[in-house]
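As provided, coords.txt (compact mmCIF, C-alpha atoms) reads as follows.
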# COMPACT_ATOMS: atom_id res chain seq x y z
CA MET A 1 0.00 0.00 0.00
CA ILE A 2 1.31 3.46 -0.91
CA ASP A 3 1.14 6.15 1.78
CA LEU A 4 -1.05 8.77 0.13
CA GLY A 5 -0.59 11.13 3.03
CA ALA A 6 3.17 11.44 2.71
CA GLY A 7 4.61 14.73 1.53
CA ARG A 8 4.30 18.39 2.45
CA VAL A 9 1.14 18.84 0.34
CA PRO A 10 -0.95 15.67 0.72
CA ALA A 11 -3.28 16.51 -2.18
CA VAL A 12 -0.34 16.85 -4.57
CA SER A 13 1.21 13.61 -3.31
CA ARG A 14 -2.09 11.81 -3.89
CA ALA A 15 -2.35 13.19 -7.41
CA VAL A 16 1.22 12.15 -8.23
CA ALA A 17 0.53 8.66 -6.89
CA VAL A 18 -2.51 8.40 -9.17
CA LEU A 19 -0.50 9.58 -12.21
CA GLU A 20 2.31 7.10 -11.50
CA THR A 21 -0.17 4.26 -11.13
CA VAL A 22 -2.01 5.04 -14.36
CA ALA A 23 1.27 5.60 -16.24
CA ALA A 24 2.40 2.08 -15.33
CA SER A 25 -0.58 0.61 -17.19
CA GLN A 26 -0.58 0.21 -20.97
CA SER A 27 -4.37 -0.03 -21.41
CA GLY A 28 -5.63 2.29 -18.68
CA LEU A 29 -7.21 1.56 -15.28
CA ALA A 30 -10.70 1.69 -13.87
CA LEU A 31 -11.25 3.79 -10.76
CA SER A 32 -11.80 0.64 -8.69
CA THR A 33 -8.46 -0.77 -9.83
CA ILE A 34 -6.64 2.45 -8.96
CA ALA A 35 -8.29 2.39 -5.52
CA ARG A 36 -7.22 -1.21 -4.94
CA ILE A 37 -3.59 -0.57 -6.01
CA LEU A 38 -3.27 2.53 -3.84
CA GLY A 39 -5.29 1.19 -0.94
CA ALA A 40 -7.51 4.28 -0.90
CA PRO A 41 -11.30 4.70 -1.01
CA LYS A 42 -12.87 5.29 -4.42
CA SER A 43 -14.71 8.32 -3.13
CA SER A 44 -11.52 10.22 -2.34
CA LEU A 45 -9.84 9.18 -5.60
CA LEU A 46 -12.79 10.11 -7.81
CA ASN A 47 -12.36 13.86 -7.27
CA ILE A 48 -8.58 13.55 -7.85
CA CYS A 49 -9.01 11.61 -11.11
CA GLU A 50 -11.73 13.96 -12.41
CA THR A 51 -9.65 17.03 -11.58
CA LEU A 52 -6.64 15.54 -13.34
CA ALA A 53 -8.85 14.73 -16.33
CA SER A 54 -10.18 18.29 -16.49
CA GLU A 55 -6.57 19.51 -16.59
CA ARG A 56 -5.82 17.01 -19.39
CA LEU A 57 -3.27 15.20 -17.24
CA LEU A 58 -5.54 12.15 -17.40
CA ARG A 59 -8.19 11.16 -19.94
CA ARG A 60 -11.14 8.79 -19.50
CA ASP A 61 -11.93 6.50 -22.44
CA ALA A 62 -15.30 5.14 -23.55
CA THR A 63 -15.07 2.24 -21.09
CA GLY A 64 -14.45 4.56 -18.14
CA ARG A 65 -10.77 3.67 -17.80
CA TYR A 66 -8.31 6.41 -16.97
CA GLN A 67 -5.25 6.87 -19.17
CA ILE A 68 -2.39 9.38 -19.25
CA GLY A 69 -3.54 12.64 -20.84
CA VAL A 70 -2.03 14.66 -23.64
CA ARG A 71 -0.81 17.39 -21.29
CA MET A 72 1.71 14.98 -19.81
CA ALA A 73 3.25 14.64 -23.26
CA GLU A 74 3.32 18.44 -23.56
CA PHE A 75 5.22 18.67 -20.27
CA ALA A 76 7.68 15.99 -21.46
CA ALA A 77 8.26 17.88 -24.71
CA ALA A 78 8.83 21.10 -22.79
CA GLN A 79 11.42 19.37 -20.62
CA LEU A 80 13.27 18.16 -23.74
CA ASN A 81 13.23 21.70 -25.13
CA HIS A 82 14.63 23.07 -21.87
CA PRO A 83 17.02 20.40 -20.57
CA PRO A 84 18.82 20.79 -17.25
CA ARG A 85 21.65 23.28 -17.62
CA LEU A 86 25.17 22.04 -17.05
CA LYS A 87 26.72 24.18 -14.32
CA ALA A 88 29.78 22.35 -12.95
CA VAL A 89 32.02 19.62 -14.39
CA ALA A 90 35.00 17.82 -12.87
CA LEU A 91 37.90 16.74 -15.08
CA VAL A 92 40.10 14.07 -13.49
CA VAL A 93 43.35 13.41 -15.37
CA GLN A 94 46.15 10.89 -14.91
CA ASN A 95 48.88 13.43 -14.15
CA PHE A 96 50.26 16.84 -15.08
CA THR A 97 53.80 15.76 -15.89
CA ASN A 98 52.70 14.95 -19.46
CA PRO A 99 51.84 17.97 -21.67
CA PHE A 100 49.10 15.88 -23.30
CA PHE A 101 46.95 16.25 -20.19
CA HIS A 102 47.56 19.99 -20.01
CA ALA A 103 46.23 20.29 -23.57
CA GLU A 104 43.24 18.11 -22.72
CA ALA A 105 42.44 20.19 -19.64
CA HIS A 106 42.96 23.44 -21.55
CA ALA A 107 40.32 22.39 -24.08
CA VAL A 108 37.76 21.31 -21.47
CA GLN A 109 38.25 24.57 -19.59
CA GLY A 110 37.88 26.52 -22.83
CA ALA A 111 34.63 24.74 -23.69
CA GLY A 112 33.39 25.36 -20.17
CA ALA A 113 34.21 29.07 -20.37
CA VAL A 114 32.22 29.44 -23.59
CA ALA A 115 29.22 27.62 -22.08
CA GLY A 116 29.42 29.35 -18.70
CA VAL A 117 30.24 26.08 -16.91
CA ASP A 118 32.64 25.84 -13.97
CA ILE A 119 35.43 23.30 -14.58
CA ALA A 120 37.30 21.77 -11.63
CA VAL A 121 40.46 19.89 -12.60
CA PHE A 122 42.08 17.16 -10.52
CA ASP A 123 45.51 15.56 -10.85
CA SER A 124 45.53 11.86 -9.87
CA ARG A 125 49.35 11.79 -9.85
CA GLN A 126 49.30 8.55 -11.86
CA THR A 127 48.02 6.76 -8.76
CA LEU A 128 44.98 4.50 -8.94
CA GLY A 129 44.10 4.84 -5.25
CA CYS A 130 44.25 8.62 -5.47
CA GLN A 131 41.99 8.65 -8.54
CA ILE A 132 39.40 6.37 -6.95
CA GLU A 133 39.30 8.52 -3.81
CA GLN A 134 38.88 11.64 -5.96
CA LEU A 135 35.97 10.03 -7.78
CA LYS A 136 34.29 8.92 -4.56
CA ALA A 137 34.61 12.45 -3.16
CA LEU A 138 33.13 13.89 -6.36
CA ALA A 139 30.18 11.50 -6.06
CA ALA A 140 29.17 13.35 -2.89
CA SER A 141 30.01 16.83 -4.16
CA GLY A 142 26.91 17.62 -6.24
CA ILE A 143 28.93 17.99 -9.46
CA ASP A 144 26.88 17.73 -12.67
CA ALA A 145 29.24 15.49 -14.68
CA VAL A 146 32.70 13.92 -14.52
CA ILE A 147 35.18 13.66 -17.39
CA LEU A 148 37.74 11.01 -16.52
CA ASP A 149 41.12 10.21 -18.06
CA PRO A 150 41.70 6.93 -16.22
CA VAL A 151 44.90 5.70 -14.61
CA ASP A 152 43.73 2.10 -15.10
CA SER A 153 40.82 1.35 -17.44
CA GLU A 154 39.48 -1.64 -15.49
CA ALA A 155 40.60 -1.06 -11.91
CA VAL A 156 39.02 2.42 -11.80
CA ALA A 157 35.58 0.78 -11.95
CA ALA A 158 34.87 1.25 -8.23
CA GLY A 159 35.31 5.01 -8.51
CA VAL A 160 33.20 5.21 -11.66
CA ALA A 161 30.45 3.17 -10.01
CA ALA A 162 30.36 5.53 -7.03
CA VAL A 163 29.91 8.55 -9.30
CA ARG A 164 27.21 6.94 -11.41
CA ALA A 165 25.37 5.66 -8.31
CA ALA A 166 25.00 9.33 -7.35
CA GLY A 167 23.26 9.98 -10.67
CA ILE A 168 26.28 11.75 -12.17
CA PRO A 169 27.26 10.84 -15.76
CA VAL A 170 30.87 9.83 -16.43
CA VAL A 171 32.62 10.40 -19.76
CA ALA A 172 35.93 8.59 -20.20
CA VAL A 173 38.40 10.54 -22.32
CA ASN A 174 41.62 9.34 -23.99
CA ALA A 175 41.02 5.76 -22.79
CA GLY A 176 38.10 3.58 -21.83
CA ALA A 177 36.96 3.33 -18.21
CA SER A 178 34.90 0.39 -17.00
CA GLY A 179 31.31 1.48 -16.36
CA ALA A 180 31.56 4.91 -18.00
CA ASP A 181 28.47 6.25 -19.77
CA ALA A 182 30.51 7.29 -22.83
CA ILE A 183 34.06 7.05 -24.14
CA VAL A 184 35.91 9.40 -26.48
CA ALA A 185 39.41 8.39 -27.53
CA THR A 186 41.87 8.43 -30.38
CA ASP A 187 41.50 5.52 -32.78
CA ASN A 188 44.52 3.90 -31.16
CA VAL A 189 44.38 0.73 -33.23
CA GLN A 190 44.68 2.93 -36.31
CA ALA A 191 47.57 4.82 -34.68
CA GLY A 192 49.50 1.59 -34.09
CA GLU A 193 48.78 0.37 -37.61
CA LEU A 194 50.03 3.60 -39.20
CA VAL A 195 53.30 3.42 -37.28
CA GLY A 196 53.73 -0.30 -37.99
CA ARG A 197 53.22 0.10 -41.72
CA HIS A 198 55.70 2.98 -41.79
CA LEU A 199 58.32 0.86 -40.05
CA GLY A 200 57.69 -1.95 -42.54
CA ALA A 201 58.36 0.46 -45.39
CA VAL A 202 61.58 1.76 -43.78
CA LEU A 203 63.15 -1.57 -42.78
CA ARG A 204 63.80 -3.62 -45.89
CA GLY A 205 65.95 -6.46 -44.54
CA ALA A 206 65.65 -8.77 -41.55
CA ALA A 207 65.13 -6.70 -38.43
CA GLY A 208 64.30 -6.99 -34.74
CA VAL A 209 62.00 -4.52 -32.97
CA VAL A 210 61.26 -3.98 -29.28
CA VAL A 211 57.73 -2.99 -28.23
CA VAL A 212 57.44 -0.78 -25.14
CA GLY A 213 54.02 -0.66 -23.49
CA GLY A 214 52.74 1.44 -20.62
CA THR A 215 50.04 1.64 -17.99
CA ARG A 216 46.91 -0.51 -18.05
CA ILE A 217 44.62 1.63 -20.16
CA THR A 218 42.79 0.65 -23.31
CA GLY A 219 44.64 3.18 -25.46
CA ASN A 220 48.00 1.53 -24.78
CA PHE A 221 46.68 -1.96 -25.45
CA ASP A 222 45.03 -0.81 -28.69
CA ARG A 223 48.20 0.88 -29.99
CA ILE A 224 50.23 -2.26 -29.51
CA SER A 225 47.48 -4.37 -31.06
CA GLY A 226 47.41 -2.16 -34.16
CA PHE A 227 51.19 -2.12 -34.43
CA LEU A 228 51.51 -5.89 -34.21
CA SER A 229 48.67 -6.33 -36.68
CA ALA A 230 50.45 -4.14 -39.23
CA LEU A 231 53.72 -6.08 -38.83
CA ARG A 232 52.02 -9.26 -40.03
CA ASP A 233 52.43 -7.86 -43.55
CA PHE A 234 56.20 -7.57 -42.99
CA PRO A 235 57.49 -11.05 -41.98
CA HIS A 236 61.09 -9.83 -42.18
CA ILE A 237 60.49 -7.81 -38.99
CA ARG A 238 60.45 -9.74 -35.71
CA VAL A 239 59.39 -8.54 -32.28
CA ILE A 240 62.38 -9.57 -30.17
CA ASP A 241 61.26 -8.18 -26.80
CA ARG A 242 58.34 -6.53 -25.03
CA LEU A 243 58.77 -4.24 -22.04
CA ASP A 244 56.42 -2.01 -20.04
CA GLY A 245 56.92 1.48 -18.66
CA ASP A 246 54.60 3.93 -16.92
CA ASN A 247 54.19 6.40 -19.83
CA THR A 248 56.88 8.75 -18.48
CA ARG A 249 60.15 10.05 -19.85
CA GLU A 250 62.03 8.94 -16.74
CA THR A 251 60.95 5.34 -17.17
CA GLY A 252 61.73 5.64 -20.87
CA ARG A 253 65.37 6.28 -19.98
CA GLU A 254 65.48 3.15 -17.82
CA VAL A 255 63.72 1.08 -20.48
CA GLY A 256 66.27 2.35 -22.99
CA ARG A 257 69.08 1.02 -20.81
CA ILE A 258 67.39 -2.36 -20.53
CA ILE A 259 66.89 -2.55 -24.28
CA LEU A 260 70.54 -1.78 -25.07
CA ASP A 261 71.80 -4.19 -22.40
CA ARG A 262 69.69 -6.99 -23.87
CA HIS A 263 69.78 -6.05 -27.55
CA PRO A 264 72.75 -3.80 -28.38
CA ARG A 265 71.98 -4.07 -32.11
CA VAL A 266 68.22 -3.58 -31.95
CA SER A 267 66.81 -2.32 -35.26
CA ALA A 268 63.89 -0.25 -33.95
CA VAL A 269 61.73 0.52 -30.90
CA PHE A 270 58.00 1.19 -30.83
CA SER A 271 56.85 3.14 -27.77
CA ILE A 272 53.21 3.72 -26.84
CA ASN A 273 53.71 7.47 -26.28
CA ASP A 274 56.05 10.38 -26.94
CA PRO A 275 57.41 10.90 -23.40
CA THR A 276 58.56 7.28 -23.21
CA ALA A 277 60.04 7.54 -26.70
CA LEU A 278 61.99 10.69 -25.76
CA GLY A 279 63.42 8.97 -22.67
CA ILE A 280 64.53 5.98 -24.77
CA LEU A 281 66.09 8.35 -27.32
CA GLU A 282 68.10 10.11 -24.58
CA THR A 283 69.59 6.80 -23.45
CA PHE A 284 70.43 5.74 -27.01
CA GLU A 285 72.09 9.11 -27.71
CA ALA A 286 74.07 8.95 -24.44
CA ARG A 287 75.51 5.59 -25.53
CA GLY A 288 76.09 6.72 -29.09
CA VAL A 289 73.74 4.10 -30.53
CA PRO A 290 71.78 5.06 -33.66
CA ALA A 291 68.06 4.67 -33.20
CA LEU A 292 64.86 4.15 -35.15
CA ILE A 293 62.14 5.03 -32.64
CA LEU A 294 58.42 5.30 -33.31
CA SER A 295 55.63 6.45 -31.00
CA VAL A 296 52.14 7.91 -30.65
CA ASP A 297 51.19 11.48 -29.62
CA GLY A 298 52.49 14.27 -31.88
CA SER A 299 54.01 16.47 -29.18
CA THR A 300 56.23 19.48 -29.82
CA GLU A 301 59.43 17.79 -28.64
CA VAL A 302 58.97 14.78 -30.89
CA LEU A 303 58.17 17.04 -33.84
CA LYS A 304 61.48 18.81 -33.19
CA SER A 305 63.29 15.46 -33.22
CA LEU A 306 61.57 14.53 -36.48
CA ARG A 307 62.52 17.80 -38.14
CA GLU A 308 66.13 17.41 -37.04
CA ASP A 309 66.22 13.72 -38.00
CA LYS A 310 67.50 12.79 -34.53
CA GLY A 311 66.33 9.19 -34.15
CA ILE A 312 62.55 9.34 -33.89
CA ILE A 313 61.25 8.47 -37.35
CA ALA A 314 57.46 8.66 -36.85
CA THR A 315 54.67 9.50 -34.44
CA ALA A 316 50.95 8.96 -34.90
CA ALA A 317 49.50 12.31 -33.85
CA GLN A 318 46.61 12.61 -31.45
CA ASP A 319 44.50 15.70 -30.76
CA PRO A 320 44.01 16.01 -26.99
CA GLN A 321 42.24 19.34 -27.37
CA GLU A 322 39.60 17.85 -29.68
CA LEU A 323 39.28 14.90 -27.28
CA GLY A 324 38.57 17.39 -24.49
CA ARG A 325 36.03 19.34 -26.52
CA VAL A 326 34.12 16.21 -27.57
CA ALA A 327 34.17 14.86 -24.01
CA PHE A 328 32.66 18.13 -22.72
CA LYS A 329 29.91 17.97 -25.35
CA LEU A 330 29.08 14.38 -24.43
CA ALA A 331 28.97 15.31 -20.74
CA ASP A 332 26.54 18.12 -21.56
CA LEU A 333 24.30 15.80 -23.59
CA LEU A 334 24.27 13.12 -20.90
CA HIS A 335 23.44 15.66 -18.19
CA SER A 336 20.51 16.90 -20.29
CA GLY A 337 19.08 13.39 -20.42
CA ALA A 338 19.87 12.80 -24.08
CA ARG A 339 20.31 9.23 -25.26
CA LEU A 340 23.58 8.90 -27.16
CA PRO A 341 23.48 6.93 -30.43
CA ARG A 342 26.59 5.01 -29.38
CA ARG A 343 28.84 4.66 -26.34
CA THR A 344 32.30 4.94 -27.95
CA TRP A 345 33.54 7.81 -30.12
CA LEU A 346 36.90 7.47 -31.90
CA LEU A 347 38.90 10.34 -33.40
CA PRO A 348 41.23 9.65 -36.35
CA THR A 349 44.98 9.98 -36.06
CA GLU A 350 47.63 11.21 -38.51
CA LEU A 351 51.08 9.80 -39.19
CA ILE A 352 53.84 12.41 -38.84
CA VAL A 353 57.26 11.66 -40.35
CA PRO A 354 60.30 13.86 -41.03
CA GLY A 355 58.89 15.00 -44.37
CA THR A 356 55.56 16.16 -42.91
CA ALA A 357 56.65 17.38 -39.47
CA GLU A 358 57.31 20.96 -40.61
CA ALA A 359 53.70 21.48 -41.72
CA TYR A 360 52.09 19.86 -38.68
CA ALA A 361 50.89 22.14 -35.86
CA ALA A 362 51.50 20.60 -32.45
CA TRP A 363 48.74 20.55 -29.85
CA ASP A 364 50.80 21.68 -26.81
CA VAL A 365 49.32 24.64 -24.94
CA ASN A 366 51.49 27.73 -24.49
CA ASP A 367 50.85 28.05 -20.78
CA PRO A 368 50.55 24.60 -19.18
CA ALA A 369 50.20 26.12 -15.72
CA ALA A 370 46.98 27.80 -16.85
CA ALA A 371 45.42 24.49 -17.83
CA ALA A 372 45.18 23.10 -14.32
CA ALA A 373 46.66 23.03 -10.86
CA ASP A 374 46.93 20.39 -8.20
CA ALA A 375 43.66 20.18 -6.35
CA VAL A 376 41.87 18.23 -3.68
CA PRO A 377 38.21 17.32 -4.28
CA PRO A 378 35.68 19.24 -2.16
Using the file provided, produce a representation of the structure as structure tokens.
Amino acid sequence: MIDLGAGRVPAVSRAVAVLETVAASQSGLALSTIARILGAPKSSLLNICETLASERLLRRDATGRYQIGVRMAEFAAAQLNHPPRLKAVALVVQNFTNPFFHAEAHAVQGAGAVAGVDIAVFDSRQTLGCQIEQLKALAASGIDAVILDPVDSEAVAAGVAAVRAAGIPVVAVNAGASGADAIVATDNVQAGELVGRHLGAVLRGAAGVVVVGGTRITGNFDRISGFLSALRDFPHIRVIDRLDGDNTRETGREVGRIILDRHPRVSAVFSINDPTALGILETFEARGVPALILSVDGSTEVLKSLREDKGIIATAAQDPQELGRVAFKLADLLHSGARLPRRTWLLPTELIVPGTAEAYAAWDVNDPAAAAADAVPP
């Protein structure tokens, strides 16, 4: 039995209970049926139903059954025409040591400024526990939407679940996040394939390549998958080793030392991102070993290396600013109640080589400090 007396205005609560009951029926309900479901006398419900019918919120058909009225549809249409306004969005990124995340944050903040939306940016310091705690705090903060660049695509699920349980949509950006409402990322399989095919065209004879992965996010897995797929067309190239870093330049230097200790005559190295590639290049240069290094990102420093022909021979360029803009738009749509036509949105990538590096405009922002600052969730 539903408590028809609950609420600050009992008459309104009773009317809402009647509307909910009738709306749950496909063929309409007789007054006696409504009274039985709600556990209320027919006499008290008759005046409510007739009043609702006079206001076109209910209608009574030829058999005397009550059905939802046309005015309810008018209210629904009005709500769609005036969706809830997005006021505050949280962007949670992996770290701010990588300029990619500064560019991503810069774009989200720019989109927010145009729309009059407050953007709060949080640095997870490449730490899963920190990111999950940030997400759980945001779940209780009253934020309208969360844009998340995950530290770990699967293990972040607990934090995502907490946010969504609070009725807050989550858009994963740059990599997938388990449980997110939507995902916008670079087509990372395509990125890996572009780089792999370029290496196949450069290396004509028998060659050995080392693949350097990174953290446990879908983007890294997809880049390696695309790269290895492309190499199937070049049987003269063998993958002789696979190592993992943490996406940073510092680890790239250490990985470079491991590669040269194990394979002093390695033909080429594929790295999942530019910072790792630059660290590997530094180690190779310090030991005077010529290098053929390929990566994914399209950052300013790698473009400089390409233009100067200093060891990096290709990068598949991403567009973190476009990723940020699309993620903001998806967050806005989800907050408004829109139903997205698909969950995953992939942006194309572009292969940059020494001959095309001069014409390519890098995505780095001029003032990284303006993009975001370390913050603690409210």
>> I'd like the neighbourhood of Ala140 in chain A as a PyMOL selection string, where a residue qualifies if any of its atoms comes within 8 Å (using all atoms listed in the file), though same-chain residues fewer than 3 positions away should be ignored.
In response: chain A and resi 136-137+166
>> Which residue is closest to Val160 in chain A? Choose from A:Gly311, A:Gly179, A:Pro275, A:Gly324 and count all atoms listed in the file.
In response: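 Closest to Val160 in chain A of all the choices is A:Gly179.
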> What's the 10 Å shell around Val210 in chain A, counting all atoms listed in the file, without same-chain residues fewer than 5 positions away, as a PyMOL selection string?
Replying inline: chain A and resi 238-243+259+263+266-271+293
> Which value, in Å to one decimal, gives the distance between CA of Ser178 in chain A and CA of His335 in chain A?
Replying inline: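 It comes out at 19.1 Å.
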>> Tell me which residues come within 8 Å of (40.7, 15.1, -18.7), as a VMD selection string, counting all atoms listed in the file in the file's coordinates.
In response: chain A and resid 91 to 94 101 104 to 105 108 121 147 to 149 173 to 174 324
> Any idea what's packed within 12 Å of range 52-68 of chain A, counting all atoms listed in the file, ignoring anything in its chain fewer than 3 positions away? Could you give it as a ChimeraX atom specification?
Replying inline: /A:11-12,14-34,45-49,71-76
>> Set the distance at 10 Å and use only C-alpha atoms: which residues neighbour Arg265 in chain A once local chain neighbours fewer than 5 positions away are removed? I'd like the list as JSON, numbers by chain.
In response: {"A": [207, 208, 259, 260, 289, 290, 291]}
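A straight line drawn from CA of Asp222 in chain A to CA of Asp364 in chain A is 23.3 Å long.
If you look at CA of Val146 in chain A and CA of Val163 in chain A, they are 8.0 Å away from each other.
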> What's the 7 Å shell around Asp309 in chain A, counting only C-alpha atoms, without same-chain residues fewer than 3 positions away, as a PyMOL selection string?
Replying inline: chain A and resi 305-306+354
> A:Lys329, A:Arg249, A:Arg339, A:His236: which is nearest Glu301 in chain A, counting only C-alpha atoms?
Replying inline: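 Nearest candidate to Glu301 in chain A out of A:Lys329, A:Arg249, A:Arg339, A:His236: A:Arg249.
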> Counting all atoms listed in the file, which of A:Ile217, A:Leu340, A:Ala286, A:Leu334 gets nearest to Gly167 in chain A?
Replying inline: A:Leu334
